[in-house]
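**Student:** This is the content of run-v2.txt (compact mmCIF, C-alpha atoms (C1' of nucleotides)):
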```txt
# COMPACT_ATOMS: atom_id res chain seq x y z
CA MET A 1 -61.79 -20.99 -24.03
CA ILE A 2 -62.84 -21.53 -20.50
CA ASN A 3 -59.51 -20.90 -18.81
CA ALA A 4 -58.92 -17.16 -18.92
CA ARG A 5 -55.75 -17.36 -16.79
CA ASN A 6 -53.73 -18.36 -19.84
CA ASP A 7 -54.07 -14.88 -21.28
CA GLY A 8 -50.98 -12.71 -21.59
CA ALA A 9 -47.58 -13.87 -20.37
CA ALA A 10 -47.22 -17.63 -20.37
CA PHE A 11 -43.97 -17.60 -18.28
CA ARG A 12 -43.22 -15.55 -15.27
CA PRO A 13 -39.50 -14.72 -15.43
CA MET A 14 -37.15 -16.62 -13.17
CA SER A 15 -34.72 -15.06 -10.73
CA ILE A 16 -31.15 -16.31 -10.67
CA GLY A 17 -31.91 -18.28 -7.53
CA GLU A 18 -34.80 -20.07 -9.19
CA LEU A 19 -32.68 -20.94 -12.19
CA ALA A 20 -30.00 -22.16 -9.82
CA ARG A 21 -32.46 -24.46 -8.05
CA LYS A 22 -33.89 -25.66 -11.35
CA THR A 23 -30.51 -26.55 -12.87
CA GLY A 24 -28.52 -27.47 -9.80
CA VAL A 25 -25.91 -24.85 -10.70
CA SER A 26 -25.19 -22.26 -8.01
CA ALA A 27 -26.20 -18.64 -8.63
CA ASP A 28 -22.54 -17.63 -8.33
CA LYS A 29 -21.60 -20.10 -11.02
CA LEU A 30 -24.38 -18.83 -13.29
CA ARG A 31 -23.07 -15.29 -12.90
CA TYR A 32 -19.58 -16.59 -13.60
CA TYR A 33 -20.72 -18.34 -16.79
CA GLU A 34 -22.44 -15.15 -17.88
CA ARG A 35 -19.25 -13.14 -17.28
CA GLU A 36 -17.30 -15.68 -19.33
CA GLY A 37 -19.72 -15.37 -22.23
CA LEU A 38 -21.21 -18.87 -21.90
CA LEU A 39 -24.65 -17.59 -21.04
CA PRO A 40 -26.34 -14.61 -22.70
CA ARG A 41 -26.91 -11.70 -20.36
CA PRO A 42 -30.57 -11.81 -19.41
CA ARG A 43 -32.78 -8.75 -19.25
CA ARG A 44 -33.15 -7.00 -15.91
CA GLY A 45 -36.21 -6.02 -13.93
CA SER A 46 -36.67 -2.53 -12.51
CA SER A 47 -34.68 -3.56 -9.43
CA GLY A 48 -31.70 -4.66 -11.51
CA TYR A 49 -32.39 -8.33 -10.77
CA ARG A 50 -31.77 -10.76 -13.64
CA GLU A 51 -34.93 -12.15 -15.26
CA TYR A 52 -34.58 -15.43 -17.10
CA GLY A 53 -37.02 -16.82 -19.64
CA ALA A 54 -37.95 -20.44 -20.19
CA GLU A 55 -35.01 -21.06 -22.55
CA ALA A 56 -32.40 -20.33 -19.88
CA ALA A 57 -32.44 -23.78 -18.29
CA GLY A 58 -31.75 -25.36 -21.67
CA GLN A 59 -28.74 -23.09 -22.17
CA VAL A 60 -27.38 -24.10 -18.79
CA HIS A 61 -27.89 -27.78 -19.61
CA PHE A 62 -25.97 -27.30 -22.86
CA ILE A 63 -23.00 -26.16 -20.81
CA LEU A 64 -23.34 -29.03 -18.36
CA ARG A 65 -23.54 -31.65 -21.12
CA ALA A 66 -20.58 -30.23 -22.97
CA LYS A 67 -18.59 -30.20 -19.72
CA GLU A 68 -19.58 -33.82 -19.21
CA LEU A 69 -18.12 -34.59 -22.63
CA GLY A 70 -14.86 -33.14 -21.40
CA PHE A 71 -14.94 -29.74 -23.07
CA SER A 72 -13.34 -26.84 -21.21
CA LEU A 73 -15.32 -23.66 -20.69
CA GLU A 74 -13.28 -21.98 -23.39
CA GLU A 75 -14.08 -24.78 -25.83
CA ILE A 76 -17.74 -24.54 -24.92
CA ALA A 77 -17.75 -20.82 -25.67
CA ASP A 78 -16.16 -21.74 -28.99
CA LEU A 79 -18.86 -24.33 -29.72
CA LEU A 80 -21.51 -21.77 -28.92
CA ASN A 81 -19.99 -19.32 -31.37
CA LEU A 82 -19.85 -21.98 -34.06
CA SER A 83 -23.41 -22.98 -33.44
CA ALA A 84 -24.47 -19.38 -34.04
CA ASP A 85 -22.61 -19.32 -37.36
CA ALA A 86 -24.98 -21.14 -39.73
CA GLU A 87 -23.69 -23.50 -42.45
CA SER A 88 -19.94 -23.06 -41.88
CA GLY A 89 -20.50 -24.22 -38.30
CA VAL A 90 -20.95 -27.97 -38.68
CA ALA A 91 -17.47 -28.65 -39.98
CA GLY A 92 -16.02 -26.60 -37.12
CA VAL A 93 -18.05 -28.44 -34.53
CA LYS A 94 -17.00 -31.81 -35.90
CA ALA A 95 -13.36 -30.72 -35.97
CA ARG A 96 -13.50 -29.53 -32.34
CA ALA A 97 -15.16 -32.75 -31.25
CA SER A 98 -12.60 -34.85 -33.11
CA ARG A 99 -9.75 -32.94 -31.51
CA ARG A 100 -11.31 -33.40 -28.10
CA LEU A 101 -11.72 -37.11 -28.82
CA ALA A 102 -8.05 -37.42 -29.73
CA GLU A 103 -7.04 -35.64 -26.51
CA ILE A 104 -9.20 -37.97 -24.48
CA GLU A 105 -7.73 -41.00 -26.19
CA GLY A 106 -4.24 -39.72 -25.37
CA GLN A 107 -5.18 -39.18 -21.75
CA ILE A 108 -6.61 -42.67 -21.50
CA ALA A 109 -3.46 -44.17 -22.99
CA ARG A 110 -1.24 -42.34 -20.51
CA LEU A 111 -3.39 -43.36 -17.57
CA GLU A 112 -3.58 -46.96 -18.78
CA ASN A 113 0.21 -47.09 -18.86
CA ILE A 114 0.36 -45.78 -15.29
CA ARG A 115 -2.36 -48.18 -14.19
CA VAL A 116 -0.54 -51.24 -15.45
CA ARG A 117 2.74 -50.27 -13.83
CA LEU A 118 1.19 -49.30 -10.54
CA ALA A 119 -0.99 -52.42 -10.43
CA SER A 120 2.00 -54.69 -10.85
CA LEU A 121 3.87 -52.87 -8.10
CA VAL A 122 0.93 -53.09 -5.71
CA ALA A 123 0.49 -56.78 -6.51
CA ALA A 124 4.16 -57.43 -5.82
CA CYS A 125 4.20 -55.65 -2.45
CA PRO A 126 3.65 -57.92 0.55
CA GLY A 127 2.39 -54.98 2.63
CA HIS A 128 4.74 -55.67 5.53
CA GLY A 129 8.38 -56.30 6.28
CA PRO A 130 11.42 -54.04 6.02
CA LEU A 131 11.31 -51.00 3.80
CA GLU A 132 14.23 -52.24 1.71
CA CYS A 133 12.01 -55.03 0.36
CA CYS A 134 9.10 -52.82 -0.66
CA PRO A 135 8.94 -53.09 -4.44
CA ILE A 136 6.96 -49.88 -4.75
CA LEU A 137 9.62 -47.85 -3.02
CA SER A 138 12.37 -49.70 -4.87
CA ALA A 139 10.73 -48.99 -8.19
CA ILE A 140 10.36 -45.32 -7.43
CA ARG A 141 13.87 -45.13 -6.07
CA ASP A 142 15.70 -47.11 -8.71
CA GLY A 143 13.34 -47.42 -11.67
CA GLU A 144 11.04 -50.30 -12.47
CA GLY A 145 13.44 -52.17 -14.76
CA LYS A 146 15.96 -52.81 -12.00
CA ARG A 147 13.79 -55.10 -9.88
CA PHE A 148 11.26 -56.50 -12.31
CA MET B 1 48.82 -46.73 -4.85
CA ILE B 2 49.99 -45.14 -8.00
CA ASN B 3 47.15 -42.69 -8.52
CA ALA B 4 47.52 -40.00 -5.87
CA ARG B 5 44.65 -37.90 -7.28
CA ASN B 6 42.09 -40.17 -5.58
CA ASP B 7 43.10 -38.87 -2.18
CA GLY B 8 40.62 -36.81 -0.16
CA ALA B 9 37.18 -35.85 -1.47
CA ALA B 10 35.87 -38.27 -4.07
CA PHE B 11 33.06 -35.90 -5.21
CA ARG B 12 33.25 -32.22 -5.79
CA PRO B 13 29.88 -30.77 -4.68
CA MET B 14 27.43 -29.78 -7.38
CA SER B 15 25.85 -26.36 -7.71
CA ILE B 16 22.09 -26.13 -8.25
CA GLY B 17 22.69 -25.42 -11.92
CA GLU B 18 24.77 -28.55 -12.34
CA LEU B 19 22.11 -30.64 -10.62
CA ALA B 20 19.53 -29.04 -12.88
CA ARG B 21 21.49 -29.96 -15.99
CA LYS B 22 22.09 -33.47 -14.70
CA THR B 23 18.44 -34.18 -13.91
CA GLY B 24 16.67 -32.06 -16.50
CA VAL B 25 14.77 -30.27 -13.73
CA SER B 26 15.14 -26.49 -13.71
CA ALA B 27 16.98 -24.85 -10.83
CA ASP B 28 13.80 -22.96 -9.95
CA LYS B 29 11.90 -26.20 -9.73
CA LEU B 30 14.60 -27.73 -7.53
CA ARG B 31 14.36 -24.77 -5.15
CA TYR B 32 10.59 -25.14 -5.22
CA TYR B 33 10.80 -28.85 -4.34
CA GLU B 34 13.15 -28.00 -1.51
CA ARG B 35 10.74 -25.37 -0.18
CA GLU B 36 7.94 -27.93 -0.35
CA GLY B 37 9.94 -30.44 1.65
CA LEU B 38 10.47 -32.93 -1.19
CA LEU B 39 14.20 -32.45 -1.25
CA PRO B 40 16.41 -32.13 1.84
CA ARG B 41 18.03 -28.75 2.19
CA PRO B 42 21.63 -29.15 1.08
CA ARG B 43 24.57 -27.66 2.89
CA ARG B 44 25.83 -24.28 1.76
CA GLY B 45 29.28 -23.11 0.76
CA SER B 46 30.90 -19.98 2.17
CA SER B 47 29.12 -17.95 -0.53
CA GLY B 48 25.70 -19.25 0.49
CA TYR B 49 25.45 -21.34 -2.69
CA ARG B 50 23.80 -24.76 -2.37
CA GLU B 51 26.24 -27.69 -2.53
CA TYR B 52 24.78 -31.03 -3.54
CA GLY B 53 26.41 -34.40 -3.00
CA ALA B 54 26.26 -37.43 -5.27
CA GLU B 55 22.98 -38.68 -3.76
CA ALA B 56 21.03 -35.60 -4.83
CA ALA B 57 20.35 -36.74 -8.38
CA GLY B 58 18.79 -39.96 -7.07
CA GLN B 59 16.48 -37.99 -4.81
CA VAL B 60 15.35 -35.89 -7.74
CA HIS B 61 14.74 -39.01 -9.83
CA PHE B 62 12.61 -40.45 -7.02
CA ILE B 63 10.35 -37.44 -7.32
CA LEU B 64 10.22 -37.68 -11.11
CA ARG B 65 9.35 -41.37 -11.06
CA ALA B 66 6.67 -40.93 -8.45
CA LYS B 67 5.19 -38.07 -10.50
CA GLU B 68 5.22 -40.34 -13.52
CA LEU B 69 3.17 -42.84 -11.53
CA GLY B 70 0.60 -40.13 -11.02
CA PHE B 71 1.40 -39.10 -7.44
CA SER B 72 0.90 -35.45 -6.53
CA LEU B 73 3.72 -33.58 -4.83
CA GLU B 74 1.86 -33.82 -1.55
CA GLU B 75 1.56 -37.58 -1.91
CA ILE B 76 5.23 -37.79 -2.76
CA ALA B 77 6.15 -35.92 0.41
CA ASP B 78 3.97 -38.41 2.24
CA LEU B 79 5.75 -41.37 0.62
CA LEU B 80 9.08 -39.86 1.60
CA ASN B 81 7.96 -39.58 5.21
CA LEU B 82 6.77 -43.17 5.21
CA SER B 83 9.98 -44.38 3.70
CA ALA B 84 11.88 -42.74 6.54
CA ASP B 85 9.72 -44.57 9.08
CA ALA B 86 11.18 -48.08 9.17
CA GLU B 87 8.99 -51.17 9.52
CA SER B 88 5.60 -49.44 9.84
CA GLY B 89 6.27 -47.80 6.49
CA VAL B 90 5.63 -50.61 4.03
CA ALA B 91 1.95 -50.99 4.83
CA GLY B 92 1.49 -47.25 4.43
CA VAL B 93 3.26 -47.18 1.10
CA LYS B 94 1.16 -50.04 -0.20
CA ALA B 95 -2.03 -48.36 1.01
CA ARG B 96 -1.11 -45.07 -0.71
CA ALA B 97 -0.27 -46.87 -3.91
CA SER B 98 -3.53 -48.84 -3.83
CA ARG B 99 -5.50 -45.68 -3.29
CA ARG B 100 -3.71 -43.99 -6.17
CA LEU B 101 -4.43 -47.04 -8.33
CA ALA B 102 -8.13 -46.85 -7.51
CA GLU B 103 -8.20 -43.15 -8.39
CA ILE B 104 -6.53 -43.85 -11.69
CA GLU B 105 -8.98 -46.62 -12.46
CA GLY B 106 -11.85 -44.25 -11.74
CA GLN B 107 -10.36 -41.60 -14.00
CA ILE B 108 -9.95 -44.12 -16.80
CA ALA B 109 -13.54 -45.30 -16.44
CA ARG B 110 -14.85 -41.73 -16.62
CA LEU B 111 -12.74 -40.93 -19.65
CA GLU B 112 -13.70 -44.18 -21.35
CA ASN B 113 -17.35 -43.28 -20.93
CA ILE B 114 -16.72 -39.87 -22.48
CA ARG B 115 -14.67 -41.41 -25.26
CA VAL B 116 -17.42 -43.81 -26.33
CA ARG B 117 -20.06 -41.13 -26.37
CA LEU B 118 -17.95 -38.59 -28.18
CA ALA B 119 -16.75 -41.15 -30.73
CA SER B 120 -20.28 -42.12 -31.64
CA LEU B 121 -21.24 -38.47 -32.05
CA VAL B 122 -18.24 -37.73 -34.24
CA ALA B 123 -18.96 -40.82 -36.35
CA ALA B 124 -22.57 -39.76 -36.82
CA CYS B 125 -21.74 -36.21 -37.89
CA PRO B 126 -21.52 -35.72 -41.66
CA GLY B 127 -19.27 -32.66 -41.21
CA HIS B 128 -21.38 -30.41 -43.42
CA GLY B 129 -24.96 -29.30 -43.90
CA PRO B 130 -27.25 -27.21 -41.74
CA LEU B 131 -26.53 -26.85 -38.05
CA GLU B 132 -29.90 -28.34 -37.10
CA CYS B 133 -28.73 -31.70 -38.42
CA CYS B 134 -25.41 -31.78 -36.52
CA PRO B 135 -25.75 -34.70 -34.10
CA ILE B 136 -22.98 -33.35 -31.88
CA LEU B 137 -24.76 -30.07 -31.29
CA SER B 138 -28.11 -31.84 -30.96
CA ALA B 139 -26.73 -34.18 -28.36
CA ILE B 140 -25.23 -31.37 -26.33
CA ARG B 141 -28.39 -29.32 -26.69
CA ASP B 142 -30.98 -31.99 -26.01
CA GLY B 143 -29.13 -34.91 -24.49
CA GLU B 144 -27.87 -37.97 -26.25
CA GLY B 145 -30.92 -40.14 -25.61
CA LYS B 146 -33.20 -37.93 -27.65
CA ARG B 147 -31.59 -38.51 -31.03
CA PHE B 148 -29.83 -41.81 -30.67
C1' DG C 1 39.52 -5.86 -13.61
C1' DT C 2 35.73 -6.44 -15.96
C1' DT C 3 32.19 -8.89 -17.76
C1' DA C 4 29.08 -12.71 -18.45
C1' DG C 5 26.88 -15.99 -16.26
C1' DC C 6 25.87 -18.12 -12.19
C1' DC C 7 23.59 -17.89 -7.53
C1' DT C 8 20.59 -15.85 -3.52
C1' DT C 9 15.89 -14.42 -1.55
C1' DG C 10 10.98 -13.41 -1.03
C1' DA C 11 7.15 -12.17 -3.47
C1' DA C 12 4.09 -12.03 -7.04
C1' DG C 13 2.12 -13.94 -11.36
C1' DT C 14 0.08 -17.99 -14.11
C1' DT C 15 -3.91 -21.31 -15.41
C1' DG C 16 -8.91 -22.91 -15.06
C1' DA C 17 -12.88 -23.08 -12.80
C1' DC C 18 -14.57 -21.58 -9.56
C1' DT C 19 -15.72 -19.62 -4.40
C1' DT C 20 -15.91 -16.09 -1.08
C1' DC C 21 -16.40 -11.51 0.46
C1' DA C 22 -18.14 -6.93 1.52
C1' DA C 23 -21.40 -3.57 1.32
C1' DA C 24 -25.40 -2.29 -0.29
C1' DG C 25 -30.12 -2.63 -2.31
C1' DT C 26 -34.74 -5.42 -2.88
C1' DC C 27 -38.51 -8.48 -2.07
C1' DA C 28 -42.00 -11.39 0.45
C1' DA C 29 -44.19 -12.82 4.42
C1' DA C 30 -45.96 -12.13 9.08
C1' DT D 1 -43.00 -2.55 9.50
C1' DT D 2 -39.72 -5.42 10.30
C1' DT D 3 -37.34 -9.41 9.50
C1' DG D 4 -34.96 -12.64 6.74
C1' DA D 5 -34.01 -14.29 2.41
C1' DC D 6 -32.60 -12.86 -1.92
C1' DT D 7 -29.94 -10.05 -5.24
C1' DT D 8 -26.33 -6.67 -6.97
C1' DT D 9 -21.26 -5.53 -8.02
C1' DG D 10 -16.24 -5.86 -8.33
C1' DA D 11 -12.50 -7.74 -6.21
C1' DA D 12 -10.00 -10.99 -4.00
C1' DG D 13 -9.09 -15.78 -2.58
C1' DT D 14 -8.51 -20.93 -3.67
C1' DC D 15 -5.92 -25.08 -5.54
C1' DA D 16 -1.53 -27.30 -7.66
C1' DA D 17 2.58 -26.88 -9.61
C1' DC D 18 5.04 -24.07 -11.13
C1' DT D 19 7.23 -19.58 -13.43
C1' DT D 20 8.81 -15.01 -13.30
C1' DC D 21 10.66 -11.02 -11.22
C1' DA D 22 13.61 -7.75 -8.87
C1' DA D 23 17.62 -6.62 -6.82
C1' DG D 24 21.51 -7.87 -5.35
C1' DG D 25 25.89 -11.00 -4.48
C1' DC D 26 29.46 -14.45 -6.34
C1' DT D 27 32.64 -16.78 -9.64
C1' DA D 28 35.24 -17.87 -13.71
C1' DA D 29 37.19 -16.64 -17.90
C1' DC D 30 39.53 -13.44 -20.54
```
Let me see whether you can do it: turn the structure in this file into structure tokens.

**Tutor:**
Amino acid sequence: MINARNDGAAFRPMSIGELARKTGVSADKLRYYEREGLLPRPRRGSSGYREYGAEAAGQVHFILRAKELGFSLEEIADLLNLSADAESGVAGVKARASRRLAEIEGQIARLENIRVRLASLVAACPGHGPLECCPILSAIRDGEGKRF
Amino acid sequence: MINARNDGAAFRPMSIGELARKTGVSADKLRYYEREGLLPRPRRGSSGYREYGAEAAGQVHFILRAKELGFSLEEIADLLNLSADAESGVAGVKARASRRLAEIEGQIARLENIRVRLASLVAACPGHGPLECCPILSAIRDGEGKRF
DNA sequence: GTTAGCCTTGAAGTTGACTTCAAAGTCAAA
DNA sequence: TTTGACTTTGAAGTCAACTTCAAGGCTAAC
């Protein structure tokens, strides 16, 4: 091999600031996730500084993707535990994801109900004139059934 | 007039507990809404107890209905201010409601996106077998594009 | 007259996901 | 060597919408 520089350590460890820049997650947040058990505690250099290996960014991205799917930090910690527990884990993961899905469907249904009601009030409001004629205010004051 | 009992005060004032029972809102919450400026401060009896008139229940219901439409307490206080401000108020109310509607539409769109992704992951997961084959975990770990 | 249940206040606690702070130590470049 | 950027920790602060608490005063029923 010509390139002798590849000998020894392939990765220089990352500081928390480097990991923060790499993942777009602030150093404070990374420390917070570590405290909450979402990230493994990395080894420390002689100064006490955290030293992250190459796998760290992937662990952070796991958290970000799970958050994107609407999981809370507590649920993410739970998923991480399950995914450490071979064989019995898959059923648990699917159950958690199904529960999350049901919650999201419920949230959507509630918001959809609000959206429809609010949209019809906004459409009915002329945007000017005396307050007594504002259908939005009337609906809030007296209930929607009374005027519509 | 035959019925002499109708003389004088038509309504005996309500205590905070009575108003709470009537509206289903706890007395603590009523005091909290008052502190936050959502309810007018009622007059007090000689004991210092709050005394509510007949209009109080309607004011509480206004708050409940606005909350149901997804307004925050701060936005409700804002609506109440607008609805005190004759003539210029209607445009403001419509603008607040439109803004709220847009926020709700955004929330629904985000949740819908999550719902679709999570549903396809749940559908693809067999619910048993080795963790390496769980599409939910894979998607969170590596991103959805990689496996699907 | 006593007791149970109501009412008063200001202050502090709750939840989740952070953010900010203070005080000190460390590292890298000029 | 000095500066400035980075890192360490634990603790406290933030937001919204409440809830709970403590310590005392009031009222209604028996």

**Student:** Residues within 12 Å of stretch 8-18 of chain D, please, as a VMD selection string. Count only C-alpha atoms (C1' of nucleotides); anything in the same chain fewer than 2 positions from it doesn't count.

**Tutor:** (chain A and resid 16 28 31 35 44 47 to 50) or (chain B and resid 25 to 33 36 67 72 to 74) or (chain C and resid 13 to 26) or (chain D and resid 6 20)

**Student:** Tell me which protein, DNA and RNA residues are within 12 Å of D:DA5, counting all atoms listed in the file, leaving out same-chain ones fewer than 4 positions away, and put them as a list in words.

**Tutor:**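 So the residues in contact are Gly17 of chain A; DT26, DC27, DA28 and DA29 of chain C.
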
**Student:** Quick one: chain B onto chain A, least squares on all Cα paired in order, result as a CSV table (one decimal) with C-alpha atoms, in the frame of the given file?

**Tutor:**
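Output file result07.csv is given in full below:
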```
chain,number,residue,atom,x,y,z
B,1,MET,CA,-62.1,-20.0,-24.4
B,2,ILE,CA,-63.1,-20.9,-20.9
B,3,ASN,CA,-59.8,-20.5,-19.2
B,4,ALA,CA,-59.1,-16.7,-19.1
B,5,ARG,CA,-55.9,-17.1,-17.0
B,6,ASN,CA,-53.9,-18.1,-20.1
B,7,ASP,CA,-54.1,-14.6,-21.4
B,8,GLY,CA,-51.0,-12.5,-21.7
B,9,ALA,CA,-47.6,-13.7,-20.5
B,10,ALA,CA,-47.3,-17.5,-20.5
B,11,PHE,CA,-44.1,-17.5,-18.4
B,12,ARG,CA,-43.3,-15.5,-15.4
B,13,PRO,CA,-39.6,-14.7,-15.5
B,14,MET,CA,-37.3,-16.6,-13.3
B,15,SER,CA,-34.9,-15.0,-10.8
B,16,ILE,CA,-31.3,-16.3,-10.7
B,17,GLY,CA,-32.1,-18.2,-7.6
B,18,GLU,CA,-34.9,-20.0,-9.3
B,19,LEU,CA,-32.8,-20.9,-12.2
B,20,ALA,CA,-30.1,-22.1,-9.9
B,21,ARG,CA,-32.6,-24.4,-8.1
B,22,LYS,CA,-34.0,-25.6,-11.4
B,23,THR,CA,-30.6,-26.5,-12.9
B,24,GLY,CA,-28.7,-27.5,-9.8
B,25,VAL,CA,-26.0,-24.8,-10.7
B,26,SER,CA,-25.3,-22.3,-8.0
B,27,ALA,CA,-26.3,-18.7,-8.6
B,28,ASP,CA,-22.7,-17.7,-8.3
B,29,LYS,CA,-21.7,-20.1,-11.0
B,30,LEU,CA,-24.5,-18.8,-13.3
B,31,ARG,CA,-23.2,-15.3,-12.9
B,32,TYR,CA,-19.7,-16.6,-13.5
B,33,TYR,CA,-20.8,-18.3,-16.7
B,34,GLU,CA,-22.5,-15.2,-17.8
B,35,ARG,CA,-19.3,-13.2,-17.2
B,36,GLU,CA,-17.4,-15.7,-19.2
B,37,GLY,CA,-19.7,-15.4,-22.1
B,38,LEU,CA,-21.2,-18.9,-21.9
B,39,LEU,CA,-24.7,-17.6,-21.0
B,40,PRO,CA,-26.4,-14.6,-22.7
B,41,ARG,CA,-26.9,-11.7,-20.3
B,42,PRO,CA,-30.6,-11.8,-19.4
B,43,ARG,CA,-32.8,-8.7,-19.3
B,44,ARG,CA,-33.2,-7.0,-15.9
B,45,GLY,CA,-36.3,-6.0,-14.0
B,46,SER,CA,-36.8,-2.5,-12.6
B,47,SER,CA,-34.8,-3.6,-9.5
B,48,GLY,CA,-31.8,-4.6,-11.5
B,49,TYR,CA,-32.5,-8.3,-10.8
B,50,ARG,CA,-31.9,-10.8,-13.6
B,51,GLU,CA,-35.0,-12.1,-15.3
B,52,TYR,CA,-34.6,-15.4,-17.1
B,53,GLY,CA,-37.1,-16.8,-19.7
B,54,ALA,CA,-38.0,-20.4,-20.3
B,55,GLU,CA,-35.1,-21.0,-22.6
B,56,ALA,CA,-32.5,-20.3,-19.9
B,57,ALA,CA,-32.5,-23.8,-18.3
B,58,GLY,CA,-31.8,-25.4,-21.7
B,59,GLN,CA,-28.8,-23.1,-22.2
B,60,VAL,CA,-27.5,-24.1,-18.8
B,61,HIS,CA,-28.0,-27.8,-19.6
B,62,PHE,CA,-26.0,-27.3,-22.8
B,63,ILE,CA,-23.1,-26.2,-20.8
B,64,LEU,CA,-23.4,-29.1,-18.3
B,65,ARG,CA,-23.6,-31.7,-21.1
B,66,ALA,CA,-20.6,-30.3,-22.9
B,67,LYS,CA,-18.7,-30.2,-19.6
B,68,GLU,CA,-19.7,-33.9,-19.1
B,69,LEU,CA,-18.2,-34.6,-22.5
B,70,GLY,CA,-14.9,-33.2,-21.3
B,71,PHE,CA,-15.0,-29.8,-23.0
B,72,SER,CA,-13.4,-26.9,-21.1
B,73,LEU,CA,-15.4,-23.7,-20.6
B,74,GLU,CA,-13.3,-22.0,-23.3
B,75,GLU,CA,-14.1,-24.8,-25.7
B,76,ILE,CA,-17.8,-24.6,-24.8
B,77,ALA,CA,-17.8,-20.9,-25.6
B,78,ASP,CA,-16.2,-21.8,-28.9
B,79,LEU,CA,-18.9,-24.4,-29.7
B,80,LEU,CA,-21.5,-21.8,-28.9
B,81,ASN,CA,-20.0,-19.4,-31.3
B,82,LEU,CA,-19.8,-22.0,-34.0
B,83,SER,CA,-23.4,-23.0,-33.4
B,84,ALA,CA,-24.4,-19.4,-34.0
B,85,ASP,CA,-22.6,-19.4,-37.3
B,86,ALA,CA,-24.9,-21.2,-39.7
B,87,GLU,CA,-23.7,-23.6,-42.4
B,88,SER,CA,-19.9,-23.2,-41.8
B,89,GLY,CA,-20.5,-24.3,-38.2
B,90,VAL,CA,-20.9,-28.0,-38.6
B,91,ALA,CA,-17.4,-28.7,-39.8
B,92,GLY,CA,-16.0,-26.7,-37.0
B,93,VAL,CA,-18.0,-28.5,-34.4
B,94,LYS,CA,-17.0,-31.9,-35.8
B,95,ALA,CA,-13.3,-30.8,-35.8
B,96,ARG,CA,-13.5,-29.6,-32.2
B,97,ALA,CA,-15.1,-32.8,-31.1
B,98,SER,CA,-12.6,-34.9,-33.0
B,99,ARG,CA,-9.7,-33.0,-31.3
B,100,ARG,CA,-11.3,-33.5,-27.9
B,101,LEU,CA,-11.7,-37.2,-28.6
B,102,ALA,CA,-8.0,-37.5,-29.5
B,103,GLU,CA,-7.1,-35.7,-26.3
B,104,ILE,CA,-9.2,-38.0,-24.3
B,105,GLU,CA,-7.7,-41.1,-26.0
B,106,GLY,CA,-4.2,-39.8,-25.2
B,107,GLN,CA,-5.2,-39.3,-21.6
B,108,ILE,CA,-6.6,-42.8,-21.3
B,109,ALA,CA,-3.5,-44.3,-22.9
B,110,ARG,CA,-1.2,-42.4,-20.4
B,111,LEU,CA,-3.4,-43.5,-17.4
B,112,GLU,CA,-3.5,-47.0,-18.7
B,113,ASN,CA,0.2,-47.2,-18.8
B,114,ILE,CA,0.4,-45.9,-15.2
B,115,ARG,CA,-2.3,-48.3,-14.1
B,116,VAL,CA,-0.5,-51.3,-15.4
B,117,ARG,CA,2.8,-50.3,-13.8
B,118,LEU,CA,1.3,-49.4,-10.5
B,119,ALA,CA,-0.9,-52.5,-10.4
B,120,SER,CA,2.1,-54.8,-10.8
B,121,LEU,CA,4.0,-52.9,-8.1
B,122,VAL,CA,1.1,-53.2,-5.7
B,123,ALA,CA,0.7,-56.9,-6.5
B,124,ALA,CA,4.4,-57.5,-5.8
B,125,CYS,CA,4.5,-55.7,-2.5
B,126,PRO,CA,4.0,-58.0,0.5
B,127,GLY,CA,2.7,-55.1,2.6
B,128,HIS,CA,5.1,-55.8,5.5
B,129,GLY,CA,8.8,-56.4,6.2
B,130,PRO,CA,11.8,-54.1,5.9
B,131,LEU,CA,11.6,-51.0,3.7
B,132,GLU,CA,14.5,-52.3,1.5
B,133,CYS,CA,12.3,-55.1,0.2
B,134,CYS,CA,9.3,-52.9,-0.8
B,135,PRO,CA,9.1,-53.2,-4.5
B,136,ILE,CA,7.1,-50.0,-4.8
B,137,LEU,CA,9.8,-47.9,-3.1
B,138,SER,CA,12.5,-49.7,-5.0
B,139,ALA,CA,10.9,-49.0,-8.3
B,140,ILE,CA,10.4,-45.3,-7.6
B,141,ARG,CA,14.0,-45.1,-6.2
B,142,ASP,CA,15.8,-47.1,-8.9
B,143,GLY,CA,13.4,-47.4,-11.8
B,144,GLU,CA,11.1,-50.3,-12.6
B,145,GLY,CA,13.5,-52.1,-14.9
B,146,LYS,CA,16.1,-52.7,-12.2
B,147,ARG,CA,14.0,-55.1,-10.1
B,148,PHE,CA,11.5,-56.5,-12.5
```

**Student:** Using all atoms listed in the file, what does the table of chain C residues within 9 Å of chain B look like, with each row giving the shortest atom pair and its distance in Å to one decimal, sorted by chain and ascending number, as JSON lines?

**Tutor:**
```
{"residue": "C:DC6", "atom": "C1'", "partner": "B:Gly17", "partner_atom": "CA", "distance": 8.0}
{"residue": "C:DC7", "atom": "C1'", "partner": "B:Tyr49", "partner_atom": "CA", "distance": 6.2}
{"residue": "C:DT8", "atom": "C1'", "partner": "B:Gly48", "partner_atom": "CA", "distance": 7.3}
```

**Student:** To one decimal in Å, tell me the separation between atom CA of A:Gly89 and atom CA of B:Val122.

**Tutor:**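 Atom CA of B:Val122 lies 14.3 Å from atom CA of A:Gly89.
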
**Student:** Show which residues sit within 12 Å of C:DT3, as a list in words. Count only C-alpha atoms (C1' of nucleotides), and ignore same-chain residues fewer than 3 positions away.

**Tutor:** DT27, DA28, DA29 and DC30 of chain D

**Student:** What's the 9 Å shell around A:Asp142, counting all atoms listed in the file, without same-chain residues fewer than 6 positions away, as a PyMOL selection string?

**Tutor:** chain B and resi 58+61-62+65
